[in-house]
file protein.csv (CSV, C-alpha atoms and all ligand atoms)
chain,number,residue,atom,x,y,z
U,467,MET,CA,31.4,-34.8,-34.2
U,468,VAL,CA,31.0,-35.6,-30.4
U,469,ARG,CA,28.6,-32.7,-30.0
U,470,SER,CA,26.3,-33.9,-32.8
U,471,LEU,CA,26.3,-37.4,-31.4
U,472,LEU,CA,25.4,-36.1,-27.9
U,473,THR,CA,22.8,-33.6,-28.9
U,474,ALA,CA,21.1,-36.1,-31.3
U,475,GLY,CA,21.6,-39.1,-29.1
U,476,VAL,CA,20.5,-38.3,-25.5
U,477,ASP,CA,17.0,-36.8,-25.4
U,478,THR,CA,15.8,-39.0,-28.3
U,479,THR,CA,16.9,-42.2,-26.5
U,480,VAL,CA,15.6,-41.1,-23.1
U,481,HIS,CA,12.2,-40.4,-24.6
U,482,GLY,CA,12.4,-43.6,-26.8
U,483,LEU,CA,13.1,-45.7,-23.7
U,484,ALA,CA,10.3,-44.0,-21.8
U,485,ALA,CA,8.0,-44.7,-24.8
U,486,VAL,CA,8.7,-48.4,-24.7
U,487,LEU,CA,8.0,-48.7,-20.9
U,488,TYR,CA,4.8,-46.6,-21.3
U,489,ALA,CA,3.8,-49.0,-24.2
U,490,PHE,CA,4.3,-52.1,-22.1
U,491,ALA,CA,2.6,-50.6,-19.0
U,492,GLY,CA,-0.5,-50.2,-21.2
U,493,HIS,CA,-0.2,-53.5,-23.1
U,494,PRO,CA,0.3,-56.3,-20.6
U,495,ASP,CA,-0.3,-58.9,-23.3
U,496,GLN,CA,2.6,-57.5,-25.3
U,497,TRP,CA,4.8,-57.6,-22.2
U,498,ARG,CA,3.9,-61.3,-21.8
U,499,ALA,CA,4.8,-61.8,-25.4
U,500,LEU,CA,8.2,-60.2,-24.9
U,501,ARG,CA,8.9,-62.3,-21.8
U,502,GLU,CA,8.2,-65.4,-23.8
U,503,ARG,CA,10.5,-64.2,-26.6
U,504,PRO,CA,13.1,-61.8,-25.1
U,505,GLN,CA,14.9,-61.9,-28.4
U,506,SER,CA,12.1,-59.6,-29.7
U,507,ALA,CA,13.5,-56.8,-27.5
U,508,ARG,CA,14.8,-54.8,-30.5
U,509,ILE,CA,11.5,-55.3,-32.4
U,510,ALA,CA,9.6,-54.1,-29.3
U,511,PHE,CA,11.7,-50.9,-29.2
U,512,ASP,CA,11.3,-50.3,-32.9
U,513,GLU,CA,7.5,-50.7,-32.5
U,514,ALA,CA,7.5,-48.2,-29.7
U,515,VAL,CA,9.6,-45.8,-31.9
U,516,ARG,CA,7.0,-46.3,-34.6
U,517,TRP,CA,4.0,-45.9,-32.3
U,518,GLN,CA,5.3,-42.9,-30.3
U,519,SER,CA,7.8,-41.4,-32.8
U,520,PRO,CA,10.1,-39.7,-30.3
U,521,VAL,CA,11.3,-37.5,-33.2
U,522,GLN,CA,8.0,-36.1,-34.6
U,523,THR,CA,9.3,-34.0,-37.4
U,524,PHE,CA,12.4,-33.2,-39.5
U,525,PHE,CA,13.1,-30.2,-41.7
U,526,PRO,CA,15.5,-31.1,-44.5
U,527,THR,CA,16.5,-28.9,-47.5
U,528,ALA,CA,16.1,-30.1,-51.1
U,529,THR,CA,19.5,-30.1,-52.7
U,530,THR,CA,17.9,-30.3,-56.1
U,531,GLU,CA,14.4,-29.8,-57.6
U,532,VAL,CA,12.3,-32.8,-56.7
U,533,ARG,CA,8.7,-33.9,-57.4
U,534,ILE,CA,6.8,-35.6,-54.5
U,535,ALA,CA,3.2,-36.8,-55.0
U,536,GLY,CA,2.7,-34.3,-57.8
U,537,THR,CA,4.2,-31.3,-55.9
U,538,VAL,CA,7.4,-29.8,-57.2
U,539,ILE,CA,9.9,-28.7,-54.4
U,540,PRO,CA,12.5,-26.3,-55.8
U,541,GLU,CA,16.2,-26.6,-55.1
U,542,GLY,CA,16.9,-25.1,-51.7
U,543,GLY,CA,13.2,-25.6,-50.6
U,544,LYS,CA,12.5,-26.7,-47.1
U,545,ILE,CA,10.4,-29.8,-46.5
U,546,LEU,CA,8.7,-30.4,-43.1
U,547,MET,CA,8.4,-34.2,-42.7
U,548,PHE,CA,5.8,-35.5,-40.2
U,549,LEU,CA,7.5,-38.7,-39.2
U,550,GLY,CA,4.9,-39.4,-36.5
U,551,ALA,CA,2.1,-39.2,-39.0
U,552,ALA,CA,3.9,-41.4,-41.5
U,553,ASN,CA,4.4,-44.0,-38.8
U,554,ARG,CA,0.7,-44.2,-38.3
U,555,ALA,CA,-0.5,-43.8,-41.9
U,556,PRO,CA,-3.4,-46.1,-42.5
U,557,ALA,CA,-2.2,-46.7,-46.1
U,558,ARG,CA,0.8,-48.5,-44.6
U,559,TRP,CA,-0.2,-49.7,-41.2
U,560,THR,CA,-3.0,-52.0,-40.1
U,561,ASP,CA,-4.6,-50.8,-36.9
U,562,PRO,CA,-1.8,-48.1,-36.6
U,563,ASP,CA,-2.7,-46.9,-33.1
U,564,ARG,CA,-2.1,-50.4,-31.7
U,565,PHE,CA,1.3,-51.2,-30.1
U,566,ASP,CA,1.8,-54.7,-31.6
U,567,LEU,CA,5.0,-56.7,-31.5
U,568,SER,CA,3.9,-59.0,-34.3
U,569,ARG,CA,3.7,-56.4,-37.1
U,570,ASP,CA,6.1,-56.1,-40.0
U,571,LEU,CA,8.0,-52.9,-39.1
U,572,SER,CA,9.8,-52.4,-42.4
U,573,GLY,CA,9.5,-48.9,-43.6
U,574,HIS,CA,8.9,-47.2,-40.3
U,575,VAL,CA,10.6,-43.8,-40.4
U,576,GLY,CA,11.1,-43.2,-36.6
U,577,PHE,CA,14.8,-43.1,-37.3
U,578,GLY,CA,14.4,-41.2,-40.6
U,579,MET,CA,15.1,-42.8,-44.0
U,580,GLY,CA,17.8,-42.7,-46.7
U,581,LEU,CA,21.3,-41.2,-46.7
U,582,HIS,CA,20.9,-39.2,-43.5
U,583,GLN,CA,18.9,-41.7,-41.4
U,584,CYS,CA,19.8,-41.9,-37.8
U,585,VAL,CA,23.5,-42.8,-37.4
U,586,GLY,CA,23.0,-43.8,-33.8
U,587,GLN,CA,19.9,-46.0,-34.2
U,588,HIS,CA,21.9,-49.2,-33.4
U,589,VAL,CA,23.3,-47.7,-30.2
U,590,ALA,CA,19.7,-46.8,-29.2
U,591,ARG,CA,18.5,-50.3,-30.0
U,592,LEU,CA,21.4,-51.8,-28.1
U,593,GLU,CA,20.5,-49.7,-25.0
U,594,ALA,CA,16.9,-50.7,-25.3
U,595,GLU,CA,17.8,-54.4,-25.7
U,596,ALA,CA,19.9,-54.3,-22.6
U,597,LEU,CA,17.1,-52.6,-20.6
U,598,LEU,CA,14.3,-54.8,-21.9
U,599,THR,CA,16.0,-58.2,-21.7
U,600,ALA,CA,17.1,-57.4,-18.1
U,601,LEU,CA,13.6,-56.4,-17.2
U,602,ALA,CA,12.0,-59.4,-19.0
U,603,ARG,CA,14.1,-61.8,-16.8
U,604,ARG,CA,13.1,-60.1,-13.6
U,605,VAL,CA,9.7,-58.4,-14.0
U,606,ASP,CA,6.4,-60.2,-14.3
U,607,ARG,CA,4.2,-57.1,-14.8
U,608,ILE,CA,4.7,-53.4,-15.5
U,609,GLU,CA,2.0,-50.9,-14.8
U,610,LEU,CA,1.5,-47.2,-14.6
U,611,ALA,CA,1.8,-45.9,-11.1
U,612,GLY,CA,0.3,-42.5,-11.9
U,613,THR,CA,-0.5,-40.3,-14.8
U,614,ALA,CA,2.2,-40.2,-17.5
U,615,ARG,CA,2.8,-36.5,-18.3
U,616,ARG,CA,4.1,-35.1,-21.5
U,617,HIS,CA,6.7,-32.4,-21.8
U,618,PRO,CA,5.5,-30.2,-24.7
U,619,ASN,CA,8.2,-29.8,-27.4
U,620,ASN,CA,8.0,-28.8,-31.0
U,621,THR,CA,10.1,-31.7,-32.3
U,622,LEU,CA,10.2,-34.4,-29.7
U,623,ARG,CA,7.3,-36.4,-28.4
U,624,ALA,CA,8.7,-36.0,-25.0
U,625,TRP,CA,7.8,-37.0,-21.5
U,626,HIS,CA,7.9,-35.0,-18.2
U,627,SER,CA,7.5,-38.2,-16.3
U,628,VAL,CA,6.2,-41.8,-16.8
U,629,PRO,CA,5.7,-43.3,-13.3
U,630,VAL,CA,5.7,-47.1,-13.5
U,631,ARG,CA,5.5,-49.8,-10.9
U,632,VAL,CA,7.2,-53.1,-11.7
U,633,HIS,CA,6.1,-56.4,-10.1
U,634,PRO,CA,9.1,-58.7,-9.8
U,635,VAL,CA,8.9,-62.4,-10.8
U,636,GLY,CA,8.0,-64.8,-8.0
R,1,LIG,C1,15.2,-43.5,-30.0
R,1,LIG,C2,16.4,-42.9,-30.3
R,1,LIG,C3,16.6,-42.1,-31.5
R,1,LIG,C4,15.7,-41.6,-32.4
R,1,LIG,C5,14.2,-41.8,-32.4
R,1,LIG,C6,16.4,-40.9,-33.4
R,1,LIG,C7,15.9,-40.3,-34.6
R,1,LIG,C8,16.6,-39.7,-35.5
R,1,LIG,C9,16.0,-39.1,-36.7
R,1,LIG,C10,14.5,-39.1,-37.1
R,1,LIG,C11,17.0,-38.6,-37.5
R,1,LIG,C12,16.9,-37.8,-38.8
R,1,LIG,C13,17.1,-38.8,-40.0
R,1,LIG,C14,16.8,-38.2,-41.3
R,1,LIG,O1,17.2,-37.0,-41.6
R,1,LIG,O2,16.3,-38.9,-42.2
R,1,LIG,C15,18.2,-38.8,-36.7
R,1,LIG,C16,19.5,-38.4,-37.2
R,1,LIG,C17,20.6,-38.5,-36.4
R,1,LIG,N1,20.8,-39.2,-35.2
R,1,LIG,FE1,19.3,-40.1,-34.2
R,1,LIG,N2,17.8,-40.9,-33.1
R,1,LIG,C18,17.9,-41.6,-32.0
R,1,LIG,C19,19.1,-41.9,-31.3
R,1,LIG,C20,20.3,-41.5,-31.7
R,1,LIG,C21,21.6,-41.8,-31.0
R,1,LIG,C22,21.7,-42.7,-29.7
R,1,LIG,C23,22.6,-41.1,-31.6
R,1,LIG,C24,24.1,-41.0,-31.4
R,1,LIG,C25,24.7,-41.9,-30.6
R,1,LIG,C26,22.0,-40.4,-32.7
R,1,LIG,C27,22.6,-39.6,-33.6
R,1,LIG,C28,22.1,-39.0,-34.8
R,1,LIG,C29,22.8,-38.2,-35.7
R,1,LIG,C30,24.3,-37.8,-35.6
R,1,LIG,C31,21.9,-37.9,-36.8
R,1,LIG,C32,22.2,-37.1,-38.0
R,1,LIG,C33,22.5,-38.0,-39.2
R,1,LIG,C34,22.8,-37.3,-40.5
R,1,LIG,O3,22.3,-36.2,-40.7
R,1,LIG,O4,23.5,-37.9,-41.3
R,1,LIG,N3,20.6,-40.6,-32.7
R,1,LIG,N4,17.9,-39.5,-35.6
call {"tool": "encode", "arguments": {"input": "protein.csv", "output": "structure tokens"}}
result
Amino acid sequence: MVRSLLTAGVDTTVHGLAAVLYAFAGHPDQWRALRERPQSARIAFDEAVRWQSPVQTFFPTATTEVRIAGTVIPEGGKILMFLGAANRAPARWTDPDRFDLSRDLSGHVGFGMGLHQCVGQHVARLEAEALLTALARRVDRIELAGTARRHPNNTLRAWHSVPVRVHPVG
């Protein structure tokens, strides 16, 4: 139990927190919006999770035959779900490539969906809320201090580094 919480809960959250800082560094208007409404911190994190999708894919097994959009998946069949693509599907999202705190985030699948959706998502949101509300009190501006570099990985949309400079209030 502890092992599954640690393996599923560390890298995902590290890259999710990096994603939200990267998002704000590139969208100063959204940082101003968060500073005006720090209670939106969890929404901001969810929007970053939708926009960057730290977990890009998941590979569940069908426990019974199922038909999806006209395709029959047999019992025991593997399904590769592209969460990152679903989170930017134009059929669901207006201007999907934009990081936007004002959007309705219902139905994003950054934490999966259904019975096995992420069991630790509230812990991740709590961590993000603590970080973002503390920064919102103290930081006027966040900007990139260099080139953000990816860490290539088949499942995670991971970062090697996201150098940011913060400008304190006052
Ligand atoms: C930004 C942070 C996180 C992201 C993006 C994320 C994403 C995901 C996704 C996409 C799934 C698969 C859901 C599905 O099959 O439909 C999942 C499952 C899971 N996550 Fe997370 N997760 C995060 C943080 C955490 C944390 C902090 C913990 C633990 C404290 C955790 C523990 C788990 C576990 C145990 C599962 C398996 C649940 C099951 O199969 O019933 N995750 N997560």
call {"tool": "residues_around", "arguments": {"input": "protein.csv", "residues": "Gly578 (chain U)", "least_positions_apart": "5", "cutoff": "9 Å", "atoms": "all atoms listed in the file", "output": "list in words"}}
result
Val521, Phe524, Leu549, Gln583 and Cys584 of chain U
call {"tool": "write_last_selection", "arguments": {"input": "protein.csv", "atoms": "C-alpha atoms", "output": "PDB file, in the coordinates of the input"}}
result
ATOM      1  CA  VAL U 521      11.300 -37.500 -33.200  1.00  0.00           C
ATOM      2  CA  PHE U 524      12.400 -33.200 -39.500  1.00  0.00           C
ATOM      3  CA  LEU U 549       7.500 -38.700 -39.200  1.00  0.00           C
ATOM      4  CA  GLN U 583      18.900 -41.700 -41.400  1.00  0.00           C
ATOM      5  CA  CYS U 584      19.800 -41.900 -37.800  1.00  0.00           C
TER       6      CYS U 584
END
call {"tool": "residues_near_ligand", "arguments": {"input": "protein.csv", "ligand": "ligand LIG 1 (chain R)", "cutoff": "6 Å", "atoms": "only C-alpha atoms and all ligand atoms", "output": "CSV table (one decimal) with C-alpha atoms, in the coordinates of the input"}}
result
chain,number,residue,atom,x,y,z
U,470,SER,CA,26.3,-33.9,-32.8
U,471,LEU,CA,26.3,-37.4,-31.4
U,474,ALA,CA,21.1,-36.1,-31.3
U,475,GLY,CA,21.6,-39.1,-29.1
U,478,THR,CA,15.8,-39.0,-28.3
U,479,THR,CA,16.9,-42.2,-26.5
U,482,GLY,CA,12.4,-43.6,-26.8
U,520,PRO,CA,10.1,-39.7,-30.3
U,521,VAL,CA,11.3,-37.5,-33.2
U,576,GLY,CA,11.1,-43.2,-36.6
U,577,PHE,CA,14.8,-43.1,-37.3
U,578,GLY,CA,14.4,-41.2,-40.6
U,579,MET,CA,15.1,-42.8,-44.0
U,582,HIS,CA,20.9,-39.2,-43.5
U,583,GLN,CA,18.9,-41.7,-41.4
U,584,CYS,CA,19.8,-41.9,-37.8
U,585,VAL,CA,23.5,-42.8,-37.4
U,586,GLY,CA,23.0,-43.8,-33.8
U,587,GLN,CA,19.9,-46.0,-34.2
U,589,VAL,CA,23.3,-47.7,-30.2
U,590,ALA,CA,19.7,-46.8,-29.2
call {"tool": "residues_around", "arguments": {"input": "protein.csv", "residues": "Arg503 (chain U)", "least_positions_apart": "2", "cutoff": "12 Å", "atoms": "all atoms listed in the file", "output": "PyMOL selection string"}}
result
chain U and resi 496-501+505-510+567-568+598-599+602-603
call {"tool": "atom_distance", "arguments": {"input": "protein.csv", "atom1": "CA of Thr529 (chain U)", "atom2": "CA of Val468 (chain U)"}}
result
25.7 Å
call {"tool": "atom_distance", "arguments": {"input": "protein.csv", "atom1": "CA of Ala484 (chain U)", "atom2": "CA of Leu581 (chain U)"}}
result
27.4 Å
call {"tool": "atom_distance", "arguments": {"input": "protein.csv", "atom1": "CA of Ala535 (chain U)", "atom2": "CA of Leu571 (chain U)"}}
result
23.1 Å
call {"tool": "closest_residue", "arguments": {"input": "protein.csv", "among": "U:Thr523, U:His633, U:Asp570, U:Lys544", "to": "Asn620 (chain U)", "atoms": "all atoms listed in the file"}}
result
U:Thr523
call {"tool": "closest_residue", "arguments": {"input": "protein.csv", "among": "U:Leu472, U:Ala489, U:Ile534, U:Ala594", "to": "Ala614 (chain U)", "atoms": "all atoms listed in the file"}}
result
U:Ala489
call {"tool": "closest_residue", "arguments": {"input": "protein.csv", "among": "U:Ala555, U:Val515, U:Val575, U:Leu487", "to": "Leu610 (chain U)", "atoms": "all atoms listed in the file"}}
result
U:Leu487
call {"tool": "residues_around", "arguments": {"input": "protein.csv", "residues": "Val635 (chain U)", "least_positions_apart": "4", "cutoff": "9 Å", "atoms": "all atoms listed in the file", "output": "ChimeraX atom specification"}}
result
/U:603-607
call {"tool": "build_atoms", "arguments": {"input": "protein.csv", "residues": "region 511-539 of chain U", "atoms": "N, CA and C atoms", "output": "mmCIF file, keeping the file's coordinate frame"}}
result
data_model
loop_
_atom_site.group_PDB
_atom_site.id
_atom_site.type_symbol
_atom_site.label_atom_id
_atom_site.label_comp_id
_atom_site.auth_asym_id
_atom_site.auth_seq_id
_atom_site.Cartn_x
_atom_site.Cartn_y
_atom_site.Cartn_z
ATOM 1 N N PHE U 511 11.305 -52.343 -29.248
ATOM 2 C CA PHE U 511 11.700 -50.900 -29.200
ATOM 3 C C PHE U 511 11.385 -50.242 -30.510
ATOM 4 N N ASP U 512 11.616 -50.894 -31.635
ATOM 5 C CA ASP U 512 11.300 -50.300 -32.900
ATOM 6 C C ASP U 512 9.775 -50.019 -33.030
ATOM 7 N N GLU U 513 8.985 -50.952 -32.489
ATOM 8 C CA GLU U 513 7.500 -50.700 -32.500
ATOM 9 C C GLU U 513 7.142 -49.544 -31.664
ATOM 10 N N ALA U 514 7.821 -49.387 -30.519
ATOM 11 C CA ALA U 514 7.500 -48.200 -29.700
ATOM 12 C C ALA U 514 7.993 -46.940 -30.383
ATOM 13 N N VAL U 515 9.105 -47.015 -31.107
ATOM 14 C CA VAL U 515 9.600 -45.800 -31.900
ATOM 15 C C VAL U 515 8.613 -45.504 -32.984
ATOM 16 N N ARG U 516 8.040 -46.534 -33.618
ATOM 17 C CA ARG U 516 7.000 -46.300 -34.600
ATOM 18 C C ARG U 516 5.774 -45.657 -33.970
ATOM 19 N N TRP U 517 5.321 -46.284 -32.916
ATOM 20 C CA TRP U 517 4.000 -45.900 -32.300
ATOM 21 C C TRP U 517 4.058 -44.554 -31.659
ATOM 22 N N GLN U 518 5.176 -44.211 -31.010
ATOM 23 C CA GLN U 518 5.300 -42.900 -30.300
ATOM 24 C C GLN U 518 6.059 -41.882 -31.138
ATOM 25 N N SER U 519 6.946 -42.337 -32.005
ATOM 26 C CA SER U 519 7.800 -41.400 -32.800
ATOM 27 C C SER U 519 8.420 -40.333 -31.948
ATOM 28 N N PRO U 520 9.438 -40.679 -31.134
ATOM 29 C CA PRO U 520 10.100 -39.700 -30.300
ATOM 30 C C PRO U 520 10.515 -38.439 -31.054
ATOM 31 N N VAL U 521 10.990 -38.630 -32.296
ATOM 32 C CA VAL U 521 11.300 -37.500 -33.200
ATOM 33 C C VAL U 521 10.059 -37.347 -34.092
ATOM 34 N N GLN U 522 9.276 -36.295 -33.897
ATOM 35 C CA GLN U 522 8.000 -36.100 -34.600
ATOM 36 C C GLN U 522 8.194 -35.577 -36.016
ATOM 37 N N THR U 523 9.132 -34.652 -36.153
ATOM 38 C CA THR U 523 9.300 -34.000 -37.400
ATOM 39 C C THR U 523 10.763 -33.763 -37.756
ATOM 40 N N PHE U 524 11.035 -33.616 -39.021
ATOM 41 C CA PHE U 524 12.400 -33.200 -39.500
ATOM 42 C C PHE U 524 12.243 -32.249 -40.596
ATOM 43 N N PHE U 525 13.263 -31.425 -40.807
ATOM 44 C CA PHE U 525 13.100 -30.200 -41.700
ATOM 45 C C PHE U 525 14.269 -30.148 -42.657
ATOM 46 N N PRO U 526 14.385 -31.131 -43.568
ATOM 47 C CA PRO U 526 15.500 -31.100 -44.500
ATOM 48 C C PRO U 526 15.356 -30.071 -45.611
ATOM 49 N N THR U 527 16.439 -29.881 -46.347
ATOM 50 C CA THR U 527 16.500 -28.900 -47.500
ATOM 51 C C THR U 527 16.692 -29.719 -48.759
ATOM 52 N N ALA U 528 15.900 -29.451 -49.774
ATOM 53 C CA ALA U 528 16.100 -30.100 -51.100
ATOM 54 C C ALA U 528 17.369 -29.640 -51.726
ATOM 55 N N THR U 529 18.248 -30.556 -52.089
ATOM 56 C CA THR U 529 19.500 -30.100 -52.700
ATOM 57 C C THR U 529 19.329 -30.010 -54.232
ATOM 58 N N THR U 530 18.192 -30.458 -54.719
ATOM 59 C CA THR U 530 17.900 -30.300 -56.100
ATOM 60 C C THR U 530 16.354 -30.292 -56.270
ATOM 61 N N GLU U 531 15.866 -29.830 -57.398
ATOM 62 C CA GLU U 531 14.400 -29.800 -57.600
ATOM 63 C C GLU U 531 13.881 -31.248 -57.537
ATOM 64 N N VAL U 532 12.795 -31.440 -56.829
ATOM 65 C CA VAL U 532 12.300 -32.800 -56.700
ATOM 66 C C VAL U 532 10.738 -32.747 -56.718
ATOM 67 N N ARG U 533 10.144 -33.789 -57.337
ATOM 68 C CA ARG U 533 8.700 -33.900 -57.400
ATOM 69 C C ARG U 533 8.224 -34.951 -56.412
ATOM 70 N N ILE U 534 7.338 -34.593 -55.493
ATOM 71 C CA ILE U 534 6.800 -35.600 -54.500
ATOM 72 C C ILE U 534 5.300 -35.543 -54.609
ATOM 73 N N ALA U 535 4.710 -36.682 -54.963
ATOM 74 C CA ALA U 535 3.200 -36.800 -55.000
ATOM 75 C C ALA U 535 2.628 -35.630 -55.800
ATOM 76 N N GLY U 536 3.248 -35.280 -56.939
ATOM 77 C CA GLY U 536 2.700 -34.300 -57.800
ATOM 78 C C GLY U 536 3.058 -32.824 -57.423
ATOM 79 N N THR U 537 3.769 -32.649 -56.331
ATOM 80 C CA THR U 537 4.200 -31.300 -55.900
ATOM 81 C C THR U 537 5.678 -31.128 -56.195
ATOM 82 N N VAL U 538 6.023 -30.005 -56.857
ATOM 83 C CA VAL U 538 7.400 -29.800 -57.200
ATOM 84 C C VAL U 538 8.049 -28.939 -56.025
ATOM 85 N N ILE U 539 9.131 -29.467 -55.457
ATOM 86 C CA ILE U 539 9.900 -28.700 -54.400
ATOM 87 C C ILE U 539 11.115 -28.174 -55.084
#
